[in-house]
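Asks: Sharing a structure below in structure tokens format, with a few things to ask.
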Amino acid sequence: MNILKNIVQLKNHSGFRKYFANTSWLMAERIIRMTVALFVGVYVARYLGPERFGLLSYANSFVGLFLALATLGIDSIVIRELVKRPECSGEILGTAFCLKICGTIFMWFAIVLTLPFTENDTQTNLFISIIAFAILFQAFNVIDFNYQAEVKSKYVVQVKFIQLLISSIAKLFLIYIKAPLLWFVWVYCFDAFLLAIGLVAMYMIKSGNILRWRWKWEVALDLLRDSWPLILSGVLISIYVKIDQVMIKEILG
């Protein structure tokens, strides 16, 4: 009886309902995204064929090797700081946004310095450049961190649902019109841009103006001081996960 009573009390607790609803939204988004990505990905792979799909995967994996340099490992740290100091959200979000922009630029330099050591042709390097450019829009993911800290992920999930629907329709349309591989590469930019626009619009409606974000050196130094081990581990994980796909391309040509 005591167990049932505790369950009923937990169920009626406002905090539990809040976190349960937030988690449910996140789980639903993951499940639906994985399902849709599976079916759409199968059609894309069948249309492109082994060679073109392999080239697309190689370009994506090559950029993935350097992705940790763009994220700077500050994602979870930003969420922690927003929970601890919600009154400083403008400074935290603005500083994190600028750090991610700087990290993306640093990632571009690392890719440019690495490309001469590969045997890629001009087309492959073009694909890598387009996908690397799309990473710039991921700086707007700091808006997602804000709503995670506020336990209001449903707003972000709704934006991601719309982005997933439009992106899936776009890919199926490209298959229908028998579009070249380059168009599928540009979909990476389209996805990132669409999500960024959706996040900004949602933030402007629900929370405030992003023009109020501010850079603060003290916040930047605090974030980087706590994140450098995560940057190192992120780079090592990226290499471990992606290096096999890159090596296959280098070996097989």
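Going through the structure tokens in order, the chains are called A, B, and so on, while each chain numbers its residues from 1 and the ligands are numbered from 1 in the order shown.
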Cys189 of chain A: which residues within 9 Å, counting only C-alpha atoms, same-chain residues fewer than 5 positions away excluded, as a PyMOL selection string?

Replies: chain A and resi 130-135+137+194

Asks: Just asking: which residues within segment 11-192 of chain A are alpha helix (DSSP H) according to DSSP, as number ranges by chain?

Replies: A: 11-12, 14-64, 67-71, 75-84, 89-114, 122-134, 142-149, 153-176, 181-192

Asks: Which of these residues is nearest to Tyr188 of chain A, using only C-alpha atoms: A:Gln158, A:Gln123, A:Ser57, A:Asn146?

Replies: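 When distances to Tyr188 of chain A are compared using only C-alpha atoms, the smallest one comes from A:Ser57.
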
Asks: Residues at most 7 Å from segment 59-68 of chain A, counting only C-alpha atoms, excluding those fewer than 2 positions away in the same chain, as a list in words?

Replies: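 Listing them by chain and then by number gives Leu55, Leu56, Ser57, Ala70, Thr71, Leu72, Gly73, Met107, Thr124, Phe127, Ile128, Ile131, Ala132, Ile231, Gly234, Val235, Ser238, Ile239, Lys242, Gln245 and Val246 of chain A.
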
Asks: Which of these, A:Thr95, A:Gln138, A:Ser168, A:Thr122, has the shortest distance to Lys216 of chain A once you count only C-alpha atoms?

Replies: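 Selected residue with least distance to Lys216 of chain A: A:Thr95.
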
Asks: Enter the distance from atom CA of Ala220 of chain A to atom CA of Met202 of chain A, in Å, rounded to one decimal.

Replies: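 Spanning atom CA of Ala220 of chain A to atom CA of Met202 of chain A is a straight-line distance of 25.4 Å.
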
Asks: For each of A:Tyr176, A:Leu165, A:Asn209, A:Leu224, take the minimum atom-to-atom distance to Ile32 of chain A, counting only C-alpha atoms, then give the residue where this is smallest.

Replies: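 Ranking A:Tyr176, A:Leu165, A:Asn209, A:Leu224 by distance to Ile32 of chain A, first place goes to A:Leu165.
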
Asks: Distance atom CA of Phe97 of chain A-atom CA of Arg85 of chain A, one decimal place?

Replies: 16.9 Å

Asks: Given only C-alpha atoms as the basis, pick out the residue of A:Trp228, A:Gln163, A:Leu199, A:Trp108 nearest to Ser129 of chain A.

Replies: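 Going through A:Trp228, A:Gln163, A:Leu199, A:Trp108 one by one, the smallest distance to Ser129 of chain A is for A:Trp108.
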